[in-house]
Amino acid sequence: MDDIKSIMYRITLIPGDGIGPEVMDAALHVLEASNLKFDYQKAWAGNACFHAMGTTIPDETIEMARKADATLFGAVTTVSGQKSAIITLRKVMNLYANLRPLKSYPGVKSIYSDLDFFIVRENSEGLYSGKEEYIMGGEGAIALRKITRNASERICRFAFEQAIKTGRNKVTAVHKANVLRKTDGIFRKAFWNVADSYPGIDAEEMYVDAAAMFMITQPHRFQVLVTTNLFGDILSDEAAGLVGGLGMVPSANIGDENGLFEPVHGSAPDIAGQGIANPTAMILSASLMLQYLGEYRESLKLEEALFKVLREGKVLTQDLGGTSSTQKMASEVRKKLEKVNRDYSKMGREGT
Ligand code: NAD
């Protein structure tokens, strides 16, 4: 058996609502078989939290997330009139970069079988300011879309760095500067300013409507796509549809001080409580967390185990064409991870 590392990572867990706790349990079950030690601290957020504590995001939860080495987040149900727990966390912890890897996996029925690109979504401003007001006595409303040069340059730099880190050679900025001349004008200018510092990486820009079409017809043209908050949210759900659905796409929310990892999907009330949610996105989010913690080999092994289960196609949830429960699929991934660990030990690859 591999050595269990002595370092103990302090992880805040925010399971949330609906399928959030179900996929969180599944991911933790798999993580138990890794060679790492975790000190988990559970925290409340979301709609159930609102009914129990009168707020969707208690201050203690924010404090626990701030103090942790990393946070794992399931999903929350957002009810009209309630503050969004996840948007609040991203904002108060300054988790400005939302990284969403879009990848096809062998064995998973999907529109394309060979996609592998990233969407980088600006997380701290844009139309997610939450600032709206009624006008005309409630017969109309205005939403505030704030875009700044600083935040735009920061996210564009993150995108170029992500391209370098992952061996990509193109970054595409997506905006609608022909209509949103001031806000997206600033984003566009920031992108080209940053692009100048990365002469080795191709830079291109695209209007969001065209990008939405190319995402379907020519998705291979994207390597790293960088965009503002709302466009990033919509395009990544669209892209999820290309690689097997929302159950397949993880995400990382990264700031200078903290990292929070969550599936792209929501609380899925239509399937909550049935034990049938696909745990893949949550397991892959845990893998992104391991990378953030610098545990690249453990992340790799976790993904190898998951890919084996997907490729074999025997123990899959319904959305992937199988009949297995969330927990059964997670147990299968865990079994495979134990085997991967044994294989690595035998090959003496630990410590290399
Ligand atoms: P959703 O992502 O919850 O579900 C969309 C569809 O995808 C549903 O049919 C659902 O069954 C399916 N789906 C999602 N995840 C799945 C999984 N792991 N396995 C199998 N199928 C899966 O989006 P929605 O229905 O628009 O929103 C439901 C609630 O979630 C809303 O309250 C919304 O505000 C909230 N939401 C939260 C987050 C978050 O916590 N980060 C993100 C998006 C939506």
# chains A, B, ... in the order shown; residues from 1 in each chain; ligands from 1
$ closest_atom_pairs --of "range 205-306 of chain A" --to "range 322-333 of chain A" --cutoff "12 Å" --atoms "only C-alpha atoms" --output "JSON lines"
{"residue": "A:Gly247", "atom": "CA", "partner": "A:Thr326", "partner_atom": "CA", "distance": 11.0}
{"residue": "A:Ile271", "atom": "CA", "partner": "A:Thr326", "partner_atom": "CA", "distance": 11.4}
{"residue": "A:Ala272", "atom": "CA", "partner": "A:Thr326", "partner_atom": "CA", "distance": 11.1}
{"residue": "A:Gly273", "atom": "CA", "partner": "A:Thr326", "partner_atom": "CA", "distance": 10.8}
{"residue": "A:Gln274", "atom": "CA", "partner": "A:Ser325", "partner_atom": "CA", "distance": 8.5}
{"residue": "A:Gly275", "atom": "CA", "partner": "A:Thr326", "partner_atom": "CA", "distance": 5.5}
{"residue": "A:Ile276", "atom": "CA", "partner": "A:Ser325", "partner_atom": "CA", "distance": 4.8}
{"residue": "A:Ala277", "atom": "CA", "partner": "A:Thr326", "partner_atom": "CA", "distance": 5.5}
{"residue": "A:Asn278", "atom": "CA", "partner": "A:Thr326", "partner_atom": "CA", "distance": 5.9}
{"residue": "A:Pro279", "atom": "CA", "partner": "A:Thr326", "partner_atom": "CA", "distance": 6.0}
{"residue": "A:Thr280", "atom": "CA", "partner": "A:Ala330", "partner_atom": "CA", "distance": 8.5}
{"residue": "A:Ala281", "atom": "CA", "partner": "A:Ala330", "partner_atom": "CA", "distance": 11.6}
{"residue": "A:Met282", "atom": "CA", "partner": "A:Ala330", "partner_atom": "CA", "distance": 10.4}
{"residue": "A:Ile283", "atom": "CA", "partner": "A:Ala330", "partner_atom": "CA", "distance": 8.6}
{"residue": "A:Leu284", "atom": "CA", "partner": "A:Val333", "partner_atom": "CA", "distance": 11.6}
{"residue": "A:Lys301", "atom": "CA", "partner": "A:Val333", "partner_atom": "CA", "distance": 10.7}
{"residue": "A:Leu302", "atom": "CA", "partner": "A:Val333", "partner_atom": "CA", "distance": 8.2}
{"residue": "A:Glu303", "atom": "CA", "partner": "A:Val333", "partner_atom": "CA", "distance": 9.2}
{"residue": "A:Glu304", "atom": "CA", "partner": "A:Val333", "partner_atom": "CA", "distance": 9.3}
{"residue": "A:Ala305", "atom": "CA", "partner": "A:Val333", "partner_atom": "CA", "distance": 5.6}
{"residue": "A:Leu306", "atom": "CA", "partner": "A:Val333", "partner_atom": "CA", "distance": 5.3}
$ write_last_selection --atoms "C-alpha atoms" --output "PDB file, in the first residue's frame"
ATOM      1  CA  GLY A 247     -23.510  15.575 -14.328  1.00  0.00           C
ATOM      2  CA  ILE A 271     -34.174  13.986  -9.074  1.00  0.00           C
ATOM      3  CA  ALA A 272     -33.217  14.901  -5.492  1.00  0.00           C
ATOM      4  CA  GLY A 273     -33.796  12.245  -2.838  1.00  0.00           C
ATOM      5  CA  GLN A 274     -33.845   9.393  -5.364  1.00  0.00           C
ATOM      6  CA  GLY A 275     -30.149   8.539  -5.077  1.00  0.00           C
ATOM      7  CA  ILE A 276     -29.701   8.634  -8.843  1.00  0.00           C
ATOM      8  CA  ALA A 277     -27.593  11.787  -9.378  1.00  0.00           C
ATOM      9  CA  ASN A 278     -24.422  11.345 -11.364  1.00  0.00           C
ATOM     10  CA  PRO A 279     -21.500  11.861  -8.940  1.00  0.00           C
ATOM     11  CA  THR A 280     -18.938  12.479 -11.730  1.00  0.00           C
ATOM     12  CA  ALA A 281     -18.978  16.299 -11.654  1.00  0.00           C
ATOM     13  CA  MET A 282     -18.523  16.303  -7.878  1.00  0.00           C
ATOM     14  CA  ILE A 283     -15.723  13.709  -8.007  1.00  0.00           C
ATOM     15  CA  LEU A 284     -13.980  15.719 -10.732  1.00  0.00           C
ATOM     16  CA  LYS A 301      -5.118   8.608  -9.778  1.00  0.00           C
ATOM     17  CA  LEU A 302      -8.622   9.714  -8.841  1.00  0.00           C
ATOM     18  CA  GLU A 303      -9.362  10.604 -12.464  1.00  0.00           C
ATOM     19  CA  GLU A 304      -7.825   7.368 -13.710  1.00  0.00           C
ATOM     20  CA  ALA A 305     -10.175   5.423 -11.410  1.00  0.00           C
ATOM     21  CA  LEU A 306     -13.210   7.412 -12.553  1.00  0.00           C
TER      22      LEU A 306
END
$ closest_atom_pairs --of "chain A" --to "ligand 1" --cutoff "6 Å" --atoms "only C-alpha atoms and all ligand atoms" --output "tab-separated table"
residue	atom	partner	partner_atom_place_in_ligand_line	distance
A:Ala75	CA	ligand 1	40 (O)	3.4
A:Val76	CA	ligand 1	40 (O)	4.0
A:Thr77	CA	ligand 1	32 (O)	3.5
A:Thr78	CA	ligand 1	32 (O)	3.9
A:Val79	CA	ligand 1	32 (O)	6.0
A:Ile86	CA	ligand 1	41 (N)	5.9
A:Leu246	CA	ligand 1	15 (N)	5.1
A:Gly247	CA	ligand 1	18 (N)	3.7
A:His265	CA	ligand 1	2 (O)	3.6
A:Gly266	CA	ligand 1	3 (O)	3.2
A:Ser267	CA	ligand 1	30 (O)	4.1
A:Ala268	CA	ligand 1	3 (O)	3.2
A:Pro269	CA	ligand 1	28 (C)	5.9
A:Asp270	CA	ligand 1	11 (O)	5.3
A:Ile271	CA	ligand 1	11 (O)	5.2
A:Ala277	CA	ligand 1	19 (N)	3.8
A:Asn278	CA	ligand 1	19 (N)	3.7
A:Pro279	CA	ligand 1	18 (N)	5.7
A:Asp319	CA	ligand 1	20 (C)	5.4
$ closest_residue --among "A:Glu295, A:Glu338, A:Glu153, A:Glu63" --to "Met93 in chain A" --atoms "only C-alpha atoms"
A:Glu63
$ atom_distance --atom1 "CA of Thr148 in chain A" --atom2 "CA of Thr61 in chain A"
28.5 Å
$ residues_around --residues "Tyr198 in chain A" --least-positions-apart "4" --cutoff "12 Å" --atoms "only C-alpha atoms" --output "short mmCIF file (atom, residue, chain, number, x, y, z; two decimals) with N, CA, C and O atoms, in the first residue's frame"
data_model
loop_
_atom_site.label_atom_id
_atom_site.label_comp_id
_atom_site.auth_asym_id
_atom_site.auth_seq_id
_atom_site.Cartn_x
_atom_site.Cartn_y
_atom_site.Cartn_z
N CYS A 156 -8.47 37.75 -17.63
CA CYS A 156 -7.82 37.42 -18.91
C CYS A 156 -6.41 36.87 -18.65
O CYS A 156 -6.00 35.90 -19.29
N ARG A 157 -5.70 37.46 -17.68
CA ARG A 157 -4.38 36.91 -17.33
C ARG A 157 -4.50 35.47 -16.84
O ARG A 157 -3.73 34.60 -17.21
N PHE A 158 -5.52 35.24 -16.01
CA PHE A 158 -5.77 33.88 -15.50
C PHE A 158 -5.95 32.92 -16.68
O PHE A 158 -5.42 31.80 -16.68
N ALA A 159 -6.70 33.37 -17.69
CA ALA A 159 -6.97 32.51 -18.85
C ALA A 159 -5.69 32.21 -19.63
O ALA A 159 -5.43 31.06 -20.02
N PHE A 160 -4.86 33.23 -19.85
CA PHE A 160 -3.60 33.00 -20.57
C PHE A 160 -2.68 32.09 -19.76
O PHE A 160 -2.02 31.20 -20.32
N GLU A 161 -2.64 32.30 -18.44
CA GLU A 161 -1.80 31.44 -17.59
C GLU A 161 -2.32 29.99 -17.64
O GLU A 161 -1.53 29.04 -17.63
N GLN A 162 -3.64 29.84 -17.66
CA GLN A 162 -4.23 28.50 -17.73
C GLN A 162 -3.83 27.84 -19.06
O GLN A 162 -3.54 26.65 -19.10
N ALA A 163 -3.79 28.63 -20.12
CA ALA A 163 -3.38 28.10 -21.43
C ALA A 163 -1.94 27.59 -21.34
O ALA A 163 -1.64 26.47 -21.78
N ILE A 164 -1.08 28.38 -20.74
CA ILE A 164 0.33 27.97 -20.63
C ILE A 164 0.45 26.72 -19.77
O ILE A 164 1.11 25.75 -20.14
N ASN A 169 -2.49 26.71 -26.95
CA ASN A 169 -1.85 27.86 -27.57
C ASN A 169 -2.82 28.90 -28.13
O ASN A 169 -2.47 29.71 -28.96
N LYS A 170 -4.08 28.83 -27.64
CA LYS A 170 -5.04 29.85 -28.10
C LYS A 170 -6.00 30.23 -26.97
O LYS A 170 -6.47 29.35 -26.23
N VAL A 171 -6.27 31.54 -26.86
CA VAL A 171 -7.30 32.01 -25.92
C VAL A 171 -8.31 32.83 -26.71
O VAL A 171 -7.94 33.70 -27.50
N PHE A 191 -8.73 42.52 -22.54
CA PHE A 191 -8.25 41.26 -23.13
C PHE A 191 -7.05 41.51 -24.05
O PHE A 191 -6.02 40.83 -23.95
N TRP A 192 -7.18 42.51 -24.93
CA TRP A 192 -6.08 42.75 -25.89
C TRP A 192 -4.85 43.32 -25.18
O TRP A 192 -3.72 43.02 -25.58
N ASN A 193 -5.04 44.10 -24.11
CA ASN A 193 -3.89 44.56 -23.31
C ASN A 193 -3.11 43.38 -22.76
O ASN A 193 -1.88 43.32 -22.84
N VAL A 194 -3.86 42.43 -22.19
CA VAL A 194 -3.22 41.26 -21.58
C VAL A 194 -2.59 40.38 -22.67
O VAL A 194 -1.47 39.88 -22.51
N ASP A 202 -1.91 32.44 -29.30
CA ASP A 202 -2.84 33.11 -30.22
C ASP A 202 -4.00 33.70 -29.43
O ASP A 202 -4.54 33.03 -28.54
N ALA A 203 -4.39 34.90 -29.80
CA ALA A 203 -5.55 35.52 -29.15
C ALA A 203 -6.59 35.81 -30.22
O ALA A 203 -6.25 36.24 -31.32
#
$ atom_distance --atom1 "CA of His29 in chain A" --atom2 "CA of Leu293 in chain A"
19.0 Å
$ residues_around --residues "Arg121 in chain A" --least-positions-apart "5" --cutoff "8 Å" --atoms "only C-alpha atoms" --output "ChimeraX atom specification"
/A:97-100,155,226-229,231-233
$ closest_residue --among "A:Glu204, A:Asp343, A:Asp196, A:Glu262" --to "Gly20 in chain A" --atoms "only C-alpha atoms"
A:Glu262
$ residues_around --residues "range 216-219 of chain A" --least-positions-apart "6" --cutoff "8 Å" --atoms "only C-alpha atoms" --output "MDAnalysis selection string"
chainID A and resid 115 239 242
$ write_last_selection --atoms "N, CA and C atoms" --output "short mmCIF file (atom, residue, chain, number, x, y, z; two decimals), in the first residue's frame"
data_model
loop_
_atom_site.label_atom_id
_atom_site.label_comp_id
_atom_site.auth_asym_id
_atom_site.auth_seq_id
_atom_site.Cartn_x
_atom_site.Cartn_y
_atom_site.Cartn_z
N LEU A 115 -13.59 16.26 -27.13
CA LEU A 115 -13.45 17.67 -26.71
C LEU A 115 -12.60 17.77 -25.45
N ALA A 239 -21.98 23.94 -23.21
CA ALA A 239 -20.87 23.03 -23.49
C ALA A 239 -21.03 21.71 -22.74
N LEU A 242 -22.57 19.09 -24.63
CA LEU A 242 -21.75 18.45 -25.67
C LEU A 242 -20.97 17.25 -25.13
#
$ closest_residue --among "A:Ile254, A:Met213, A:Val174, A:Val264" --to "Gly74 in chain A" --atoms "only C-alpha atoms"
A:Val264
$ atom_distance --atom1 "CA of Ile111 in chain A" --atom2 "CA of Tyr207 in chain A"
23.3 Å
$ closest_residue --among "A:Leu31, A:Leu102, A:Leu180, A:Ala70" --to "Ser236 in chain A" --atoms "only C-alpha atoms"
A:Leu102
$ closest_residue --among "A:Ala85, A:Ala65, A:Val120, A:Ile14" --to "Gly46 in chain A" --atoms "only C-alpha atoms"
A:Ala85
$ closest_atom_pairs --of "range 164-243 of chain A" --to "range 248-251 of chain A" --cutoff "9 Å" --atoms "only C-alpha atoms" --output "CSV"
residue,atom,partner,partner_atom,distance
A:Ser236,CA,A:Val249,CA,8.7
A:Asp237,CA,A:Val249,CA,8.7
A:Ala240,CA,A:Val249,CA,6.3
A:Val243,CA,A:Met248,CA,7.2
$ closest_residue --among "A:Ala48, A:Glu238, A:Pro106, A:Leu288" --to "Pro263 in chain A" --atoms "only C-alpha atoms"
A:Leu288
$ select_by_dssp --residues "range 213-270 of chain A" --states "helix (DSSP H, G or I)" --output "number ranges by chain"
A: 213-217, 219-221, 229-240, 246-248
$ write_last_selection --atoms "N, CA and C atoms" --output "compact mmCIF listing (two decimals), in the first residue's frame"
# COMPACT_ATOMS: atom_id res chain seq x y z
N MET A 213 -23.02 29.54 -31.29
CA MET A 213 -23.21 28.67 -32.45
C MET A 213 -21.98 27.78 -32.68
N PHE A 214 -20.78 28.41 -32.66
CA PHE A 214 -19.56 27.62 -32.89
C PHE A 214 -19.35 26.54 -31.83
N MET A 215 -19.87 26.81 -30.63
CA MET A 215 -19.77 25.81 -29.57
C MET A 215 -20.43 24.50 -30.00
N ILE A 216 -21.50 24.63 -30.80
CA ILE A 216 -22.21 23.44 -31.29
C ILE A 216 -21.58 22.91 -32.58
N THR A 217 -21.26 23.83 -33.50
CA THR A 217 -20.85 23.37 -34.84
C THR A 217 -19.34 23.10 -34.95
N PRO A 219 -16.81 23.08 -31.99
CA PRO A 219 -16.27 23.30 -30.63
C PRO A 219 -14.76 23.10 -30.54
N HIS A 220 -14.20 22.37 -31.52
CA HIS A 220 -12.75 22.11 -31.46
C HIS A 220 -11.93 23.38 -31.64
N ARG A 221 -12.57 24.45 -32.12
CA ARG A 221 -11.79 25.68 -32.30
C ARG A 221 -11.48 26.34 -30.96
N ASN A 229 -19.28 37.09 -16.54
CA ASN A 229 -20.00 36.20 -15.64
C ASN A 229 -21.20 35.45 -16.26
N LEU A 230 -22.16 36.18 -16.77
CA LEU A 230 -23.38 35.54 -17.29
C LEU A 230 -23.11 34.73 -18.56
N PHE A 231 -22.33 35.30 -19.48
CA PHE A 231 -22.02 34.57 -20.71
C PHE A 231 -21.31 33.25 -20.37
N GLY A 232 -20.41 33.30 -19.39
CA GLY A 232 -19.66 32.11 -18.99
C GLY A 232 -20.58 31.05 -18.41
N ASP A 233 -21.55 31.50 -17.63
CA ASP A 233 -22.49 30.57 -17.01
C ASP A 233 -23.30 29.86 -18.09
N ILE A 234 -23.81 30.62 -19.03
CA ILE A 234 -24.67 30.04 -20.08
C ILE A 234 -23.85 29.14 -21.01
N LEU A 235 -22.70 29.65 -21.46
CA LEU A 235 -21.90 28.86 -22.42
C LEU A 235 -21.41 27.56 -21.79
N SER A 236 -21.13 27.57 -20.48
CA SER A 236 -20.62 26.32 -19.91
C SER A 236 -21.73 25.28 -19.76
N ASP A 237 -22.97 25.71 -19.51
CA ASP A 237 -24.07 24.73 -19.51
C ASP A 237 -24.29 24.20 -20.93
N GLU A 238 -24.15 25.09 -21.91
CA GLU A 238 -24.29 24.65 -23.31
C GLU A 238 -23.21 23.61 -23.63
N ALA A 239 -21.98 23.94 -23.21
CA ALA A 239 -20.87 23.03 -23.49
C ALA A 239 -21.03 21.71 -22.74
N ALA A 240 -21.65 21.76 -21.54
CA ALA A 240 -21.90 20.53 -20.78
C ALA A 240 -22.75 19.57 -21.62
N LEU A 246 -24.91 17.85 -17.54
CA LEU A 246 -24.45 18.62 -16.38
C LEU A 246 -23.80 17.74 -15.30
N GLY A 247 -24.12 16.48 -15.31
CA GLY A 247 -23.51 15.58 -14.33
C GLY A 247 -22.03 15.33 -14.57
N MET A 248 -21.50 15.88 -15.68
CA MET A 248 -20.11 15.58 -16.07
C MET A 248 -19.13 16.73 -15.87
